[in-house]
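Novice: This is the structure I want to talk about, given as structure tokens.
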Amino acid sequence: MSPVYIARVKEVAARSIGGEMMIMSARDSMLFSLNETATAIWQAADGVTPLAEIVRRRVCAQFEVDPATALRDAEELVEGLAKHGVLKLSNLPIEETP
Amino acid sequence: MSGLIQEMSDKAQRLGIPLAVQLDLTYRCNERCVHCYLDHDDRGEMTTAEIKELLEQMAEAGVFFLTLSGGEIMMRRDFFEIVEHARRLSFCVKLKTNAVMIHRSEADRLQALALDAVQISVYSHRAEVHDAITKLPGSLKRTIAAVRLLVERGVKVIFANVLMRENFADYPGVQALAAEVGAEYTIDPTITPMMDGDRSILNLNIERAQLQQVFRDASILGTSPEEFCVPPGGPPTADDAQNMLPCSAGHTFCYVSPYGDVYPCVQFPLPTGNVRASRFLDIWKHSPQMTEVRSITLSDLPVCSTCSHGGGSCTRCPGLAYMEGNMRGPSSQDCEKSFIRTGVETAGMLIRREARSIDGLVQIRSAAGPGSRAESLQNCL
């Protein structure tokens, strides 16, 4: 299975409020609230670290969770965020656009 | 307010986070609107570097919703540099502008900034009325041309229609124009006093019957007039009054002037500090004035806590009350609005009437000692 890379979309507003990330999509003004785990994934979405690696380092290492379950949940999360246009997904590293 | 925004706001309040800030970049303006509450001279605006530093401090403090306003924001040559910096810091940015300086290239740049919205002042669909208010010939034409450029690029545009006696009849026309160009529409039926306390512009306010008409126009309310104008449910219980806060000013919201002065709200000119002298978060957290504003609950408002509107239907603005002389008193403009909405007089109106009759009894007033009824009435007004 090819790796999944994730990158934050620049066209969003985001702020951590008490450990939870609030994200507002400029496309439709939809507001998202990410819990602590999802926030950790969002913050690590640099476009070059594979999702599995992010989950291993930022989720499994910090939260007591089964790695396979964590990866499955993370894939679901990033697909959902990508559908709403707040995260980019790719099977190749995502280069930052100026 | 959506459920999630309400949750976020509640959380910010619990944690003492200034979730939303309005930052006025300048008081200079290319229009001279008859109802404007600002002095348009530049009395030492913050520099580009100072504003960028302030934005960084605000991001660190947790500010999420950032409204950039003025004056006319595009009068600053560094306007785009500032907004671009704000967006790099991931603020949810809303602009308030008259849009007359937005042409194709500015519209392109604004589109690229992925703003939450651009709010644009439109007073009438008729140039002769709009331009007479802005005192800038050709302003409506230029504003609407800019609106079209922005909407074509997918930028969310909101018409802000301030209602005054001279443009009241035109609001359905502005609404129709908003629909035609693809903009959202909001009204503001309240003219506020000048920042220096001058209340002369209040005579531009629409008349009672006109406000009544607005409050019964379902196309504006977003709810049924019956629901909006429902009679008040009575004074709050003592427990409720202790927990009810006047509004978000100083709790999750504040205002910063072009000179770096921090206030609880744009409509609440109580100086709490200056970002040139102190860090933004220090002012927010530790200024005695901000702390005082935050400490006030409904139970601390001697008149409003006894008012039949106090149980939830009141829209009292503590800033307007402050400008009338007492931040713990009623705001006569809001009392008037509550009355017009529901037909039920507020406690503030009843006490004012009583005070007027006491005013005639000079001997009672001159004999009043500390703690007397006459003095406590004065404190409430």
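Identifiers in this document derive from the order of the structure tokens: chains are assigned A, B, ..., residues are numbered from 1 separately in each chain, and ligands are numbered from 1 in order of occurrence.
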Let's see if you can do this: from backbone DSSP, list all strand (DSSP E or B) residues in range 19-140 of chain B, as an mmCIF file with C-alpha atoms, in the first residue's frame.

Specialist:
```cif
data_model
loop_
_atom_site.group_PDB
_atom_site.id
_atom_site.type_symbol
_atom_site.label_atom_id
_atom_site.label_comp_id
_atom_site.auth_asym_id
_atom_site.auth_seq_id
_atom_site.Cartn_x
_atom_site.Cartn_y
_atom_site.Cartn_z
ATOM 1 C CA ALA B 20 -12.190 37.870 18.673
ATOM 2 C CA VAL B 21 -10.608 41.274 18.158
ATOM 3 C CA GLN B 22 -11.454 44.255 16.019
ATOM 4 C CA LEU B 23 -8.329 46.132 15.044
ATOM 5 C CA ASP B 24 -8.816 49.503 13.397
ATOM 6 C CA PHE B 65 -11.551 35.996 14.639
ATOM 7 C CA LEU B 66 -9.828 39.182 13.498
ATOM 8 C CA THR B 67 -11.795 42.072 12.044
ATOM 9 C CA LEU B 68 -9.741 44.763 10.341
ATOM 10 C CA SER B 69 -11.605 48.015 10.119
ATOM 11 C CA CYS B 92 -9.985 34.156 10.380
ATOM 12 C CA VAL B 93 -10.002 37.616 8.826
ATOM 13 C CA LYS B 94 -12.964 39.827 8.083
ATOM 14 C CA LEU B 95 -12.512 43.231 6.470
ATOM 15 C CA LYS B 96 -14.751 46.258 6.839
ATOM 16 C CA THR B 97 -14.340 48.719 4.013
ATOM 17 C CA ALA B 117 -15.706 37.965 4.472
ATOM 18 C CA VAL B 118 -15.528 41.523 3.267
ATOM 19 C CA GLN B 119 -18.172 43.742 4.819
ATOM 20 C CA ILE B 120 -18.988 46.780 2.736
ATOM 21 C CA SER B 121 -21.026 49.807 3.738
#
```

Novice: Identify, on the basis of only C-alpha atoms, every residue whose closest approach to His309 in chain B does not exceed 12 Å; exclude the query and any residue fewer than 3 positions from it along the same chain; express the result as an MDAnalysis selection string.

Specialist: chainID B and resid 229:236 298 303:306 312:316 330 334:339 341:349

Novice: Based on the selection just made, write C-alpha atoms of those residues as an mmCIF file, in the first residue's frame.

Specialist:
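File written: again.cif
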```cif
data_model
loop_
_atom_site.group_PDB
_atom_site.id
_atom_site.type_symbol
_atom_site.label_atom_id
_atom_site.label_comp_id
_atom_site.auth_asym_id
_atom_site.auth_seq_id
_atom_site.Cartn_x
_atom_site.Cartn_y
_atom_site.Cartn_z
ATOM 1 C CA CYS B 229 -41.059 40.617 19.365
ATOM 2 C CA VAL B 230 -42.231 38.206 22.038
ATOM 3 C CA PRO B 231 -42.937 40.024 25.346
ATOM 4 C CA PRO B 232 -40.198 39.771 27.973
ATOM 5 C CA GLY B 233 -40.282 36.866 30.374
ATOM 6 C CA GLY B 234 -39.762 38.891 33.549
ATOM 7 C CA PRO B 235 -36.723 39.761 35.640
ATOM 8 C CA PRO B 236 -34.025 37.135 36.046
ATOM 9 C CA LEU B 298 -26.347 41.044 35.608
ATOM 10 C CA VAL B 303 -31.654 48.691 37.359
ATOM 11 C CA CYS B 304 -31.347 46.005 34.698
ATOM 12 C CA SER B 305 -31.371 43.124 37.196
ATOM 13 C CA THR B 306 -34.895 44.183 38.211
ATOM 14 C CA GLY B 312 -32.966 37.082 28.425
ATOM 15 C CA SER B 313 -34.619 39.330 25.829
ATOM 16 C CA CYS B 314 -32.556 42.429 26.657
ATOM 17 C CA THR B 315 -29.918 43.575 24.176
ATOM 18 C CA ARG B 316 -28.262 46.056 26.527
ATOM 19 C CA PRO B 330 -29.081 50.845 31.488
ATOM 20 C CA ASP B 334 -31.256 49.680 24.057
ATOM 21 C CA CYS B 335 -34.143 50.280 26.458
ATOM 22 C CA GLU B 336 -35.879 52.092 23.622
ATOM 23 C CA LYS B 337 -35.220 49.192 21.264
ATOM 24 C CA SER B 338 -36.551 46.646 23.777
ATOM 25 C CA PHE B 339 -39.675 48.771 24.212
ATOM 26 C CA ARG B 341 -39.725 45.457 19.979
ATOM 27 C CA THR B 342 -42.081 44.250 22.675
ATOM 28 C CA GLY B 343 -44.286 47.182 23.673
ATOM 29 C CA VAL B 344 -43.210 46.709 27.303
ATOM 30 C CA GLU B 345 -41.326 49.520 29.036
ATOM 31 C CA THR B 346 -37.981 48.706 30.626
ATOM 32 C CA ALA B 347 -36.974 49.381 34.227
ATOM 33 C CA GLY B 348 -34.547 51.999 32.883
ATOM 34 C CA MET B 349 -37.383 53.880 31.201
#
```

Novice: Residues of chain B no more than 6 Å from chain A, counting only C-alpha atoms: send them over as a PyMOL selection string.

Specialist: chain B and resi 64+90-92+114+116

Novice: List as a VMD selection string the protein and nucleic acid residues near range 201-205 of chain B, meaning an atom at most 12 Å away when only C-alpha atoms are counted, but skip any in the same chain fewer than 3 places from it.

Specialist: chain B and resid 33 to 38 133 162 to 168 188 to 198 208 to 211 332 to 333 336 to 337

Novice: For the selection just defined, write its residues with C-alpha atoms to a file, as a PDB file, in the first residue's frame.

Specialist:
```
ATOM      1  CA  CYS B  33     -20.135  59.799   6.317  1.00  0.00           C
ATOM      2  CA  VAL B  34     -22.613  61.975   8.155  1.00  0.00           C
ATOM      3  CA  HIS B  35     -23.098  59.426  10.962  1.00  0.00           C
ATOM      4  CA  CYS B  36     -19.441  58.488  11.518  1.00  0.00           C
ATOM      5  CA  TYR B  37     -18.288  58.492  15.148  1.00  0.00           C
ATOM      6  CA  LEU B  38     -14.575  58.930  14.378  1.00  0.00           C
ATOM      7  CA  ILE B 133     -24.303  60.222   3.156  1.00  0.00           C
ATOM      8  CA  VAL B 162     -26.728  51.571   8.517  1.00  0.00           C
ATOM      9  CA  LEU B 163     -30.231  52.953   8.786  1.00  0.00           C
ATOM     10  CA  MET B 164     -30.809  56.652   9.287  1.00  0.00           C
ATOM     11  CA  ARG B 165     -33.737  58.943   8.700  1.00  0.00           C
ATOM     12  CA  GLU B 166     -32.427  59.992   5.321  1.00  0.00           C
ATOM     13  CA  ASN B 167     -31.934  56.498   3.889  1.00  0.00           C
ATOM     14  CA  PHE B 168     -34.533  54.486   5.769  1.00  0.00           C
ATOM     15  CA  ASP B 188     -27.607  48.327  11.724  1.00  0.00           C
ATOM     16  CA  PRO B 189     -30.402  50.512  13.050  1.00  0.00           C
ATOM     17  CA  THR B 190     -28.334  52.195  15.769  1.00  0.00           C
ATOM     18  CA  ILE B 191     -26.253  55.340  15.376  1.00  0.00           C
ATOM     19  CA  THR B 192     -23.724  55.503  18.188  1.00  0.00           C
ATOM     20  CA  PRO B 193     -22.221  58.584  19.849  1.00  0.00           C
ATOM     21  CA  MET B 194     -18.850  59.927  18.699  1.00  0.00           C
ATOM     22  CA  MET B 195     -15.797  58.407  20.377  1.00  0.00           C
ATOM     23  CA  ASP B 196     -15.268  61.704  22.222  1.00  0.00           C
ATOM     24  CA  GLY B 197     -18.747  61.441  23.753  1.00  0.00           C
ATOM     25  CA  ASP B 198     -20.455  63.953  21.433  1.00  0.00           C
ATOM     26  CA  ARG B 208     -39.633  54.888  16.583  1.00  0.00           C
ATOM     27  CA  ALA B 209     -42.231  53.932  13.952  1.00  0.00           C
ATOM     28  CA  GLN B 210     -39.456  53.140  11.477  1.00  0.00           C
ATOM     29  CA  LEU B 211     -37.674  50.900  13.946  1.00  0.00           C
ATOM     30  CA  SER B 332     -31.321  54.268  26.971  1.00  0.00           C
ATOM     31  CA  GLN B 333     -30.913  53.382  23.281  1.00  0.00           C
ATOM     32  CA  GLU B 336     -35.879  52.092  23.622  1.00  0.00           C
ATOM     33  CA  LYS B 337     -35.220  49.192  21.264  1.00  0.00           C
TER      34      LYS B 337
END
```

Novice: Residues within 12 Å of range 71-83 of chain A, please, as a ChimeraX atom specification. Count only C-alpha atoms; anything in the same chain fewer than 5 positions from it doesn't count.

Specialist: /A:3-9,12,23-25,27,30-35,37-42,45,50-60,65-66,88-90

Novice: For CA of Ala183 in chain B and CA of Val151 in chain B, determine how far apart the two atoms are, in Å to one decimal place.

Specialist: 7.4 Å

Novice: Neighbouring residues of Ser124 in chain B were defined as those with any atom within 7 Å, considering only C-alpha atoms; residues of the same chain fewer than 5 positions away were excluded. Please report them as an mmCIF file with N, CA and C atoms, in the first residue's frame.

Specialist:
```
data_model
loop_
_atom_site.group_PDB
_atom_site.id
_atom_site.type_symbol
_atom_site.label_atom_id
_atom_site.label_comp_id
_atom_site.auth_asym_id
_atom_site.auth_seq_id
_atom_site.Cartn_x
_atom_site.Cartn_y
_atom_site.Cartn_z
ATOM 1 N N VAL B 129 -28.624 59.268 -2.861
ATOM 2 C CA VAL B 129 -28.799 59.109 -1.412
ATOM 3 C C VAL B 129 -27.494 58.597 -0.775
ATOM 4 N N HIS B 130 -26.938 57.554 -1.355
ATOM 5 C CA HIS B 130 -25.687 56.985 -0.825
ATOM 6 C C HIS B 130 -24.575 58.035 -0.801
ATOM 7 N N ASN B 167 -32.010 57.627 4.836
ATOM 8 C CA ASN B 167 -31.934 56.498 3.889
ATOM 9 C C ASN B 167 -32.880 55.361 4.268
ATOM 10 N N ASP B 170 -34.948 53.426 1.763
ATOM 11 C CA ASP B 170 -34.239 52.710 0.701
ATOM 12 C C ASP B 170 -33.775 51.310 1.090
ATOM 13 N N TYR B 171 -34.042 50.903 2.333
ATOM 14 C CA TYR B 171 -33.425 49.619 2.695
ATOM 15 C C TYR B 171 -33.934 48.428 1.863
ATOM 16 N N GLY B 173 -34.515 48.517 -1.211
ATOM 17 C CA GLY B 173 -33.743 48.642 -2.450
ATOM 18 C C GLY B 173 -32.322 48.116 -2.270
ATOM 19 N N VAL B 174 -31.739 48.370 -1.098
ATOM 20 C CA VAL B 174 -30.381 47.863 -0.826
ATOM 21 C C VAL B 174 -30.412 46.341 -0.704
#
```

Novice: What does the distance from CA of Gly154 in chain B to CA of Arg87 in chain B come to in Å, to one decimal?

Specialist: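 The value is 17.4 Å.
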